[in-house]
$ cat model-v3.tsv   # TSV, C-alpha atoms
chain	number	residue	atom	x	y	z
C	1074	MET	CA	89.39	346.82	84.79
C	1075	GLU	CA	91.64	343.77	85.10
C	1076	PHE	CA	91.72	341.12	82.43
C	1077	LYS	CA	90.69	337.70	83.76
C	1078	ASP	CA	92.32	334.60	82.38
C	1079	TYR	CA	89.50	332.07	82.56
C	1080	TYR	CA	91.74	329.29	81.25
C	1081	GLN	CA	94.09	329.88	84.14
C	1082	VAL	CA	91.20	329.90	86.65
C	1083	LEU	CA	90.13	326.44	85.47
C	1084	GLY	CA	93.73	325.29	85.03
C	1085	VAL	CA	93.30	324.24	81.40
C	1086	ALA	CA	95.20	325.02	78.21
C	1087	ARG	CA	93.81	327.51	75.68
C	1088	ASP	CA	93.16	324.69	73.24
C	1089	ALA	CA	91.42	322.50	75.84
C	1090	THR	CA	88.47	320.50	74.54
C	1091	ALA	CA	84.97	321.06	75.87
C	1092	GLU	CA	85.33	317.76	77.71
C	1093	ASP	CA	88.60	318.90	79.39
C	1094	ILE	CA	86.92	322.12	80.48
C	1095	LYS	CA	83.99	320.24	81.97
C	1096	LYS	CA	86.32	317.86	83.78
C	1097	ALA	CA	88.41	320.70	85.22
C	1098	TYR	CA	85.25	322.50	86.31
C	1099	ARG	CA	83.89	319.43	88.09
C	1100	LYS	CA	87.13	318.92	89.94
C	1101	LEU	CA	87.09	322.51	91.17
C	1102	ALA	CA	83.34	322.47	91.87
C	1103	ARG	CA	83.98	319.58	94.22
C	1104	LYS	CA	87.02	321.26	95.80
C	1105	TYR	CA	85.26	324.56	96.46
C	1106	HIS	CA	81.74	323.27	97.07
C	1107	PRO	CA	80.37	325.85	99.54
C	1108	ASP	CA	78.73	323.22	101.76
C	1109	VAL	CA	81.78	321.06	102.31
C	1110	SER	CA	84.95	322.92	101.37
C	1111	LYS	CA	87.48	323.58	104.10
C	1112	GLU	CA	89.34	326.10	101.95
C	1113	PRO	CA	89.22	329.52	103.62
C	1114	ASP	CA	88.30	331.37	100.41
C	1115	ALA	CA	86.02	328.65	99.00
C	1116	ASN	CA	83.12	330.98	98.27
C	1117	ALA	CA	85.20	333.50	96.39
C	1118	ARG	CA	87.01	330.79	94.45
C	1119	MET	CA	83.74	329.05	93.55
C	1120	LYS	CA	82.43	332.31	92.15
C	1121	GLU	CA	85.54	332.66	89.99
C	1122	VAL	CA	85.28	329.08	88.84
C	1123	ASN	CA	81.57	329.46	88.02
C	1124	GLU	CA	82.30	332.62	86.10
C	1125	ALA	CA	85.14	331.00	84.14
C	1126	TYR	CA	82.95	327.99	83.36
C	1127	ALA	CA	80.03	330.19	82.28
C	1128	ALA	CA	82.41	331.85	79.81
C	1129	LEU	CA	84.25	328.80	78.50
C	1130	SER	CA	81.52	326.15	78.49
C	1131	ASP	CA	79.39	328.10	76.02
C	1132	PRO	CA	80.96	327.93	72.54
C	1133	GLU	CA	79.71	331.39	71.56
C	1134	LYS	CA	81.06	333.03	74.69
C	1135	ARG	CA	84.32	331.14	74.47
C	1136	ALA	CA	84.86	332.25	70.87
C	1137	ALA	CA	84.08	335.85	71.80
C	1138	TYR	CA	86.36	335.70	74.83
C	1139	ASP	CA	89.21	334.23	72.79
C	1140	GLN	CA	88.88	337.00	70.24
C	1141	VAL	CA	88.62	339.92	72.64
C	1142	GLY	CA	91.23	338.59	75.05
C	1143	ARG	CA	93.94	337.86	72.51
C	1144	GLY	CA	97.28	339.17	73.77
C	1145	TYR	CA	96.11	340.04	77.28
C	1146	GLN	CA	97.82	338.79	80.42
C	1147	PRO	CA	95.94	338.10	83.70
C	1148	GLY	CA	95.63	341.26	85.80
C	1149	GLN	CA	96.49	343.51	82.85
C	1150	ASP	CA	94.27	346.56	82.37
C	1151	PHE	CA	91.53	345.50	79.98
C	1152	ARG	CA	89.62	347.69	77.52
C	1153	PRO	CA	87.39	345.94	75.03
C	1154	PRO	CA	87.67	347.47	71.56
C	1155	PRO	CA	84.54	349.40	70.55
C	1156	ASP	CA	81.94	347.25	68.81
C	1157	TRP	CA	84.16	344.21	69.19
C	1158	ASP	CA	81.05	342.03	69.24
C	1159	ALA	CA	79.69	343.35	65.95
C	1160	GLY	CA	80.71	340.22	64.09
C	1161	PHE	CA	79.02	337.86	66.50
C	1162	GLU	CA	75.48	336.76	66.50
C	1163	PHE	CA	74.51	335.66	69.93
C	1164	SER	CA	71.65	333.29	70.34
C	1165	GLY	CA	70.96	334.11	73.97
C	1166	GLY	CA	69.86	330.54	74.40
C	1167	GLY	CA	71.09	327.98	76.91
C	1168	GLY	CA	74.39	329.76	77.35
C	1169	GLY	CA	72.69	332.74	78.92
C	1170	PHE	CA	73.21	333.52	82.54
C	1171	SER	CA	70.59	334.23	85.13
C	1172	PRO	CA	70.38	337.53	87.00
C	1173	GLU	CA	71.49	335.66	90.15
C	1174	ASP	CA	74.64	334.47	88.37
C	1175	ALA	CA	75.22	337.87	86.86
C	1176	ALA	CA	75.08	339.46	90.29
C	1177	ASP	CA	78.00	337.27	91.35
C	1178	PHE	CA	80.10	337.71	88.27
C	1179	SER	CA	82.84	340.29	87.91
C	1180	ASP	CA	82.72	343.60	86.08
C	1181	PHE	CA	85.06	342.02	83.57
C	1182	PHE	CA	82.48	339.33	82.76
C	1183	SER	CA	79.74	341.90	82.60
C	1184	GLN	CA	81.80	344.08	80.27
C	1185	VAL	CA	82.63	341.24	77.90
C	1186	PHE	CA	79.37	339.33	77.94
C	1187	GLY	CA	76.84	341.77	79.34
C	1188	ARG	CA	75.71	342.71	75.88
C	1189	MET	CA	75.32	339.12	74.78
C	1190	GLY	CA	72.19	337.06	75.16
C	1191	GLY	CA	71.30	336.18	78.67
C	1192	GLY	CA	68.64	338.67	79.43
C	1193	ALA	CA	65.26	337.14	79.88
C	1194	GLY	CA	62.66	337.46	77.24
C	1195	PRO	CA	61.87	336.99	73.61
C	1196	ARG	CA	64.21	338.10	70.86
C	1197	SER	CA	63.08	339.97	67.80
C	1198	GLY	CA	61.22	337.81	65.34
C	1199	ARG	CA	58.80	336.43	67.90
C	1200	ALA	CA	55.12	337.04	67.45
C	1201	ALA	CA	54.24	340.65	68.13
C	1202	ASN	CA	51.45	339.70	70.49
C	1203	PHE	CA	53.74	337.66	72.73
C	1204	GLN	CA	53.04	338.36	76.39
C	1205	ALA	CA	54.90	337.05	79.37
C	1206	ARG	CA	55.16	338.12	82.96
C	1207	GLY	CA	58.73	338.98	83.91
C	1208	GLN	CA	60.84	336.49	85.81
C	1209	ASP	CA	61.05	336.52	89.57
C	1210	HIS	CA	64.51	337.33	90.79
C	1211	HIS	CA	65.95	335.99	94.03
C	1212	ALA	CA	68.44	337.51	96.41
C	1213	LYS	CA	69.48	337.09	100.03
C	1214	VAL	CA	69.36	339.79	102.64
C	1215	MET	CA	71.37	339.62	105.86
C	1216	LEU	CA	69.68	341.18	108.87
C	1217	ASP	CA	70.55	341.55	112.53
C	1218	VAL	CA	68.31	339.86	115.10
C	1219	GLU	CA	67.29	343.31	116.28
C	1220	ASP	CA	65.85	344.06	112.83
C	1221	ALA	CA	63.22	341.34	113.32
C	1222	PHE	CA	61.92	343.33	116.31
C	1223	HIS	CA	62.02	346.81	114.88
C	1224	GLY	CA	61.98	346.41	111.10
C	1225	ALA	CA	64.87	347.66	109.01
C	1226	THR	CA	65.91	349.50	105.92
C	1227	ARG	CA	68.58	347.91	103.80
C	1228	GLN	CA	70.27	349.08	100.67
C	1229	LEU	CA	70.61	346.46	97.97
C	1230	SER	CA	72.73	346.72	94.88
C	1231	LEU	CA	71.40	344.57	92.10
C	1232	ARG	CA	72.95	343.91	88.74
C	1233	VAL	CA	70.17	343.36	86.32
C	1234	PRO	CA	70.10	342.79	82.58
C	1235	LYS	CA	68.32	345.59	80.73
C	1236	GLN	CA	67.52	345.77	77.08
C	1237	ASP	CA	68.39	348.99	75.22
C	1238	GLU	CA	66.72	350.43	72.11
C	1239	GLN	CA	68.89	348.30	69.84
C	1240	GLY	CA	67.71	345.18	71.63
C	1241	ARG	CA	71.08	344.67	73.27
C	1242	VAL	CA	71.15	343.41	76.81
C	1243	ARG	CA	73.41	345.25	79.23
C	1244	LEU	CA	73.98	344.65	82.91
C	1245	GLU	CA	73.04	347.64	84.97
C	1246	THR	CA	73.47	348.31	88.64
C	1247	ARG	CA	70.33	349.34	90.46
C	1248	THR	CA	70.31	350.46	94.04
C	1249	LEU	CA	67.17	349.79	96.01
C	1250	GLU	CA	66.31	350.99	99.47
C	1251	VAL	CA	64.25	348.14	100.92
C	1252	LYS	CA	62.02	348.47	103.94
C	1253	VAL	CA	61.87	345.15	105.75
C	1254	PRO	CA	58.83	344.80	108.00
C	1255	ARG	CA	59.20	343.80	111.66
C	1256	GLY	CA	58.42	340.22	112.59
C	1257	VAL	CA	60.47	338.52	109.87
C	1258	ARG	CA	61.99	335.11	110.54
C	1259	GLU	CA	65.03	333.20	109.34
C	1260	GLY	CA	64.40	331.79	105.87
C	1261	GLN	CA	61.28	333.88	105.30
C	1262	MET	CA	60.70	335.40	101.89
C	1263	ILE	CA	60.06	339.06	101.44
C	1264	ARG	CA	58.40	340.10	98.23
C	1265	LEU	CA	59.22	343.32	96.46
C	1266	ALA	CA	56.40	343.45	93.99
C	1267	GLY	CA	57.33	344.34	90.43
C	1268	GLN	CA	61.07	344.57	91.15
C	1269	GLY	CA	62.03	341.43	89.21
C	1270	GLY	CA	62.57	340.98	85.50
C	1271	ALA	CA	60.62	343.20	83.11
C	1272	GLY	CA	57.49	341.77	81.52
C	1273	PHE	CA	56.92	341.60	77.77
C	1274	GLY	CA	54.07	342.74	75.61
C	1275	GLY	CA	52.46	344.72	78.40
C	1276	ALA	CA	52.61	341.89	80.94
C	1277	PRO	CA	53.65	342.84	84.47
C	1278	ALA	CA	57.21	342.63	85.78
C	1279	GLY	CA	58.24	339.74	88.01
C	1280	ASP	CA	58.90	340.13	91.71
C	1281	LEU	CA	62.13	340.33	93.62
C	1282	LEU	CA	62.06	337.71	96.36
C	1283	LEU	CA	64.45	338.32	99.22
C	1284	GLU	CA	65.38	335.45	101.49
C	1285	VAL	CA	65.98	336.60	105.07
C	1286	HIS	CA	69.03	335.42	106.99
C	1287	PHE	CA	70.28	336.66	110.33
C	1288	ASN	CA	73.86	337.52	111.16
C	1289	THR	CA	75.17	335.53	114.11
C	1290	HIS	CA	74.92	337.43	117.36
C	1291	ASP	CA	77.01	336.83	120.46
C	1292	ARG	CA	73.97	336.87	122.79
C	1293	TYR	CA	70.90	336.07	120.72
C	1294	ARG	CA	69.91	333.12	118.60
C	1295	VAL	CA	66.67	332.80	116.66
C	1296	GLU	CA	64.81	329.59	115.96
C	1297	GLY	CA	61.72	330.17	113.92
C	1298	ARG	CA	59.80	332.82	115.83
C	1299	ASP	CA	61.55	332.10	119.12
C	1300	LEU	CA	64.44	334.06	120.55
C	1301	HIS	CA	67.06	332.28	122.66
C	1302	VAL	CA	69.17	334.21	125.12
C	1303	THR	CA	71.86	332.74	127.34
C	1304	LEU	CA	71.35	333.98	130.89
C	1305	PRO	CA	74.35	333.67	133.21
C	1306	LEU	CA	73.46	333.48	136.93
C	1307	ALA	CA	75.52	333.74	140.10
C	1308	PRO	CA	75.30	330.56	142.23
C	1309	TRP	CA	73.25	332.37	144.90
C	1310	GLU	CA	70.81	333.75	142.31
C	1311	ALA	CA	70.25	330.20	141.06
C	1312	ALA	CA	70.01	328.69	144.54
C	1313	LEU	CA	67.85	331.31	146.20
C	1314	GLY	CA	65.87	332.59	143.24
C	1315	ALA	CA	66.02	336.18	142.01
C	1316	VAL	CA	64.46	338.75	139.77
C	1317	ILE	CA	66.94	339.34	136.96
C	1318	PRO	CA	66.90	342.05	134.30
C	1319	VAL	CA	67.12	340.55	130.82
C	1320	HIS	CA	67.89	342.70	127.82
C	1321	THR	CA	66.26	341.61	124.58
C	1322	PRO	CA	65.98	343.45	121.26
C	1323	GLY	CA	62.36	344.10	122.24
C	1324	GLY	CA	63.39	345.90	125.43
C	1325	LYS	CA	64.33	345.17	129.04
C	1326	LEU	CA	62.38	342.53	130.96
C	1327	GLU	CA	62.41	341.55	134.62
C	1328	VAL	CA	62.39	337.78	134.87
C	1329	ARG	CA	61.76	335.84	138.08
C	1330	ILE	CA	64.18	332.94	138.40
C	1331	PRO	CA	62.79	330.30	140.77
C	1332	ALA	CA	64.90	329.05	143.67
C	1333	GLY	CA	66.90	325.92	142.84
C	1334	ALA	CA	67.52	326.80	139.17
C	1335	GLN	CA	70.19	324.67	137.55
C	1336	ALA	CA	72.59	325.28	134.67
C	1337	GLY	CA	71.37	323.81	131.37
C	1338	ARG	CA	67.71	324.46	132.25
C	1339	GLN	CA	65.62	326.51	129.95
C	1340	MET	CA	62.94	328.99	130.94
C	1341	ARG	CA	60.26	330.20	128.60
C	1342	VAL	CA	58.74	333.66	128.60
C	1343	ARG	CA	55.64	333.55	126.42
C	1344	GLY	CA	55.14	336.03	123.63
C	1345	LYS	CA	58.48	337.80	124.05
C	1346	GLY	CA	60.13	336.32	120.96
C	1347	ILE	CA	59.90	337.77	117.46
C	1348	PRO	CA	56.78	339.95	117.27
C	1349	GLY	CA	53.87	339.15	114.95
C	1350	ALA	CA	50.23	338.09	114.91
C	1351	THR	CA	51.39	335.03	116.83
C	1352	PRO	CA	54.54	336.27	118.54
C	1353	GLY	CA	57.31	333.82	119.32
C	1354	ASP	CA	58.55	332.99	122.81
C	1355	LEU	CA	61.70	334.02	124.61
C	1356	TYR	CA	63.83	331.15	125.85
C	1357	LEU	CA	66.39	331.77	128.56
C	1358	ASP	CA	69.17	329.22	128.57
C	1359	LEU	CA	70.50	329.26	132.13
C	1360	THR	CA	74.17	328.97	132.95
C	1361	ILE	CA	75.77	329.36	136.35
C	1362	VAL	CA	79.05	331.20	136.70
C	1363	ALA	CA	81.14	330.55	139.79
C	1364	PRO	CA	82.84	333.71	141.07
C	1365	PRO	CA	86.64	333.43	141.31
C	1366	ALA	CA	88.10	332.86	144.78
C	1367	GLU	CA	90.64	335.62	144.45
C	1368	SER	CA	90.35	337.51	147.72
C	1369	ALA	CA	90.92	336.06	151.18
C	1370	ARG	CA	87.28	336.74	152.01
C	1371	ALA	CA	86.03	334.91	148.90
C	1372	LYS	CA	88.23	331.95	149.77
C	1373	GLU	CA	86.87	331.95	153.28
C	1374	LEU	CA	83.28	331.92	152.00
C	1375	TYR	CA	84.00	328.99	149.68
C	1376	GLU	CA	85.72	327.13	152.53
C	1377	THR	CA	82.71	327.71	154.76
C	1378	MET	CA	80.43	326.33	152.07
C	1379	ALA	CA	82.69	323.34	151.51
C	1380	ARG	CA	82.70	322.62	155.22
C	1381	GLU	CA	79.07	323.19	156.01
C	1382	MET	CA	77.19	322.17	152.87
C	1383	ALA	CA	78.56	318.66	152.35
C	1384	PHE	CA	77.73	318.91	148.68
C	1385	ASP	CA	79.04	316.43	146.11
C	1386	PRO	CA	78.22	317.58	142.56
C	1387	ARG	CA	79.19	314.12	141.26
C	1388	ALA	CA	76.83	312.23	143.57
C	1389	LYS	CA	73.82	310.62	141.89
C	1390	GLY	CA	70.91	312.97	141.52
C	1391	ASN	CA	73.03	316.12	141.21
D	1086	MET	CA	73.83	354.11	85.45
D	1087	ALA	CA	72.42	353.59	88.91
D	1088	ASP	CA	68.99	354.68	89.97
D	1089	HIS	CA	67.71	354.85	93.48
D	1090	GLU	CA	64.31	354.04	94.87
D	1091	THR	CA	62.69	352.90	98.09
D	1092	VAL	CA	60.41	349.89	98.10
D	1093	MET	CA	58.35	348.30	100.82
D	1094	GLY	CA	58.86	344.59	101.35
D	1095	ILE	CA	55.95	342.28	102.11
D	1096	ALA	CA	56.70	339.28	104.33
D	1097	LEU	CA	55.30	336.11	102.78
D	1098	GLU	CA	53.89	332.96	104.35
D	1099	GLU	CA	56.45	330.29	105.19
D	1100	ALA	CA	55.37	328.09	102.26
D	1101	CYS	CA	54.90	330.57	99.47
D	1102	LEU	CA	56.56	329.40	96.27
D	1103	THR	CA	54.55	327.74	93.53
D	1104	LEU	CA	55.97	324.84	91.53
D	1105	GLU	CA	56.74	327.22	88.65
D	1106	GLN	CA	58.48	329.73	90.92
D	1107	LEU	CA	60.57	327.01	92.59
D	1108	ALA	CA	61.55	325.51	89.24
D	1109	ALA	CA	62.44	328.91	87.75
D	1110	ALA	CA	64.57	329.77	90.79
D	1111	CYS	CA	66.79	326.75	90.16
D	1112	ARG	CA	66.56	326.91	86.40
D	1113	VAL	CA	64.85	323.57	85.84
D	1114	ASN	CA	61.62	322.66	84.14
D	1115	PRO	CA	58.59	322.32	86.48
D	1116	ALA	CA	58.12	318.81	85.07
D	1117	HIS	CA	61.56	317.95	86.42
D	1118	VAL	CA	60.48	318.91	89.95
D	1119	THR	CA	57.25	316.92	89.53
D	1120	GLN	CA	59.40	313.93	88.57
D	1121	TRP	CA	61.51	314.38	91.74
D	1122	VAL	CA	58.32	314.47	93.81
D	1123	SER	CA	56.75	311.42	92.15
D	1124	GLU	CA	59.95	309.44	92.75
D	1125	GLY	CA	60.00	310.43	96.41
D	1126	LEU	CA	63.20	312.46	96.06
D	1127	PHE	CA	61.65	315.78	96.96
D	1128	PRO	CA	59.05	316.60	99.60
D	1129	ALA	CA	55.75	318.19	98.58
D	1130	ALA	CA	52.45	318.31	100.40
D	1131	GLY	CA	49.83	315.98	98.90
D	1132	GLY	CA	47.25	317.18	96.44
D	1133	GLU	CA	47.74	318.44	92.94
D	1134	ALA	CA	50.93	320.05	91.70
D	1135	ARG	CA	49.22	323.41	91.17
D	1136	GLU	CA	48.35	323.49	94.88
D	1137	TRP	CA	51.88	322.81	96.08
D	1138	ARG	CA	53.60	325.59	97.98
D	1139	PHE	CA	57.26	325.42	98.88
D	1140	THR	CA	59.40	326.95	101.64
D	1141	THR	CA	62.88	328.40	101.40
D	1142	VAL	CA	64.21	325.21	102.98
D	1143	GLN	CA	62.74	323.28	100.06
D	1144	LEU	CA	64.12	325.87	97.65
D	1145	ARG	CA	67.55	325.25	99.11
D	1146	ARG	CA	67.17	321.50	98.51
D	1147	ALA	CA	65.95	322.08	94.96
D	1148	ARG	CA	68.93	324.34	94.27
D	1149	ARG	CA	71.36	321.80	95.66
D	1150	MET	CA	69.85	318.95	93.67
D	1151	SER	CA	69.69	320.85	90.40
D	1152	GLN	CA	73.25	322.13	90.89
D	1153	LEU	CA	74.52	318.59	91.52
D	1154	GLU	CA	72.71	317.30	88.46
D	1155	ARG	CA	74.10	320.14	86.34
D	1156	ASP	CA	77.68	320.23	87.66
D	1157	PHE	CA	78.33	316.51	87.94
D	1158	ASP	CA	75.70	314.98	85.66
D	1159	ALA	CA	74.39	313.31	88.83
D	1160	VAL	CA	71.30	311.13	88.44
D	1161	PRO	CA	68.41	312.54	90.52
D	1162	GLU	CA	68.69	309.74	93.10
D	1163	LEU	CA	72.34	310.59	93.74
D	1164	ALA	CA	71.56	314.32	93.88
D	1165	ALA	CA	68.84	313.56	96.45
D	1166	LEU	CA	71.21	311.39	98.48
D	1167	VAL	CA	73.84	314.14	98.60
D	1168	ALA	CA	71.13	316.69	99.48
D	1169	ASP	CA	70.01	314.41	102.35
D	1170	LEU	CA	73.56	314.29	103.67
D	1171	LEU	CA	74.02	318.04	103.36
D	1172	GLU	CA	70.74	318.65	105.19
D	1173	GLU	CA	71.84	316.35	107.99
D	1174	MET	CA	75.10	318.27	108.13
D	1175	ASP	CA	73.16	321.56	108.34
D	1176	GLN	CA	71.27	320.19	111.34
D	1177	LEU	CA	74.39	318.96	113.10
D	1178	ARG	CA	76.16	322.25	112.48
D	1179	SER	CA	73.26	324.21	113.94
D	1180	GLN	CA	73.21	321.88	116.98
D	1181	MET	CA	76.92	322.46	117.40
D	1182	ARG	CA	76.46	326.22	117.25
D	1183	ARG	CA	73.81	325.95	119.97
D	1184	ARG	CA	76.24	324.17	122.27
D	1185	GLU	CA	79.09	326.57	121.74
D	1186	PRO	CA	79.65	328.67	124.86
D	1187	ARG	CA	78.64	332.27	124.44
$ encode --input "model-v3.tsv" --output "structure tokens"
Amino acid sequence: MEFKDYYQVLGVARDATAEDIKKAYRKLARKYHPDVSKEPDANARMKEVNEAYAALSDPEKRAAYDQVGRGYQPGQDFRPPPDWDAGFEFSGGGGGFSPEDAADFSDFFSQVFGRMGGGAGPRSGRAANFQARGQDHHAKVMLDVEDAFHGATRQLSLRVPKQDEQGRVRLETRTLEVKVPRGVREGQMIRLAGQGGAGFGGAPAGDLLLEVHFNTHDRYRVEGRDLHVTLPLAPWEAALGAVIPVHTPGGKLEVRIPAGAQAGRQMRVRGKGIPGATPGDLYLDLTIVAPPAESARAKELYETMAREMAFDPRAKGN
Amino acid sequence: MADHETVMGIALEEACLTLEQLAAACRVNPAHVTQWVSEGLFPAAGGEAREWRFTTVQLRRARRMSQLERDFDAVPELAALVADLLEEMDQLRSQMRRREPR
């Protein structure tokens, strides 16, 4: 495992004050803000910056990191000495990190701080009859549009804090095979009951709440329960009307295009969107593609049309 | 140590998160969210706080606001203003995607 120089990530000196560290973090948080940054690797950099700040902004973690990292260079193979944290007493208070953060942080962070406070729940010394339901954990799941029609199985790797017999909290990787029901929509939550943080004193575990997002697709677009498909037509199909086969994730449909269809128009096919108790609709966004006039015959046909149709696409009303 | 299990997901209603769940998801106190709502900085359906149910779109706003408050010591009004701008940007970006030729 590579040693990470958190001071270098934030661009501060090893003896930087807490105020300097905060200032450096803010500068970088603005630079790599995932909503606005134009940097190509903004997400990855923001994760690094968050991780470095989580380590250096908490005095306990910073002290531990300084001790364990003494003499290491960035990228150097890192092995924490056994029981290096024996001399520290971690409060596990505000400096703790959430399971969502932990999932983003590196193995290095997990190795150094995974055994420190940060796991949810009461420490020893609390009343023995303390009961609390476990925390809900949140994660995102990326699906393909097709999965909304057929359901899907996805494998998720979660890094979750677990308490061992000595009361130490370690980050563990759990792999879950999740069955996602058909009919899910963008932004919908899927609950995996009892898969969140462990409960205390006999109380139930929290839930894992997955937020559904769809990968972009070159033909399909979902809006709520509705499915949008761009349907290219030949000029004669649009002008004369036609029955056109349309492929959707739900299967092939035959759609009647009325004569005189124009590009930019939208046609709705009821109930053929994302399935469910109230299924969504299918929207066909019509475009017209002009065939190239490459052959002599094609040119001749276009010339005939130009001569005989007296059509001006720029005239008012067209 | 990794263990392996299969679990069945249950799709929830669009507005499904309670005030406590929303607050926990962005690591703020529920009273802080109530304050946002009472100052008009955060949308919530009328009625009592225990009846409120939030969507993932609202969760996204709550995360943005709490992150801005935490990272930049932003006052809630400023966090809400930035969240408004980011939401408008989300809308414009999705409109742009719709117009891109496929």
$ residues_around --input "model-v3.tsv" --residues "range 1309-1317 of chain C" --least-positions-apart "2" --cutoff "10 Å" --atoms "all atoms listed in the file" --output "PyMOL selection string"
chain C and resi 1304-1307+1319-1320+1326-1336+1359-1363
$ residues_around --input "model-v3.tsv" --residues "Ala1164 in chain D" --least-positions-apart "5" --cutoff "7 Å" --atoms "only C-alpha atoms" --output "mmCIF file with C-alpha atoms, keeping the file's coordinate frame"
data_model
loop_
_atom_site.group_PDB
_atom_site.id
_atom_site.type_symbol
_atom_site.label_atom_id
_atom_site.label_comp_id
_atom_site.auth_asym_id
_atom_site.auth_seq_id
_atom_site.Cartn_x
_atom_site.Cartn_y
_atom_site.Cartn_z
ATOM 1 C CA MET D 1150 69.850 318.950 93.670
ATOM 2 C CA LEU D 1153 74.520 318.590 91.520
ATOM 3 C CA GLU D 1154 72.710 317.300 88.460
ATOM 4 C CA ALA D 1159 74.390 313.310 88.830
#
$ atom_distance --input "model-v3.tsv" --atom1 "CA of Leu1170 in chain D" --atom2 "CA of Arg1149 in chain D"
11.2 Å
$ interface_residues --input "model-v3.tsv" --of "chain D" --to "chain C" --cutoff "12 Å" --atoms "only C-alpha atoms" --output "ChimeraX atom specification"
/D:1086-1103,1105-1113,1139-1145,1149,1152-1159,1167-1168,1170-1175,1178-1180,1182-1187
$ atom_distance --input "model-v3.tsv" --atom1 "CA of Thr1321 in chain C" --atom2 "CA of Lys1345 in chain C"
8.7 Å
$ residues_around --input "model-v3.tsv" --residues "Asp1180 in chain C" --least-positions-apart "4" --cutoff "9 Å" --atoms "only C-alpha atoms" --output "PyMOL selection string"
chain C and resi 1074-1075+1184-1185
$ atom_distance --input "model-v3.tsv" --atom1 "CA of Phe1203 in chain C" --atom2 "CA of Leu1104 in chain D"
22.9 Å
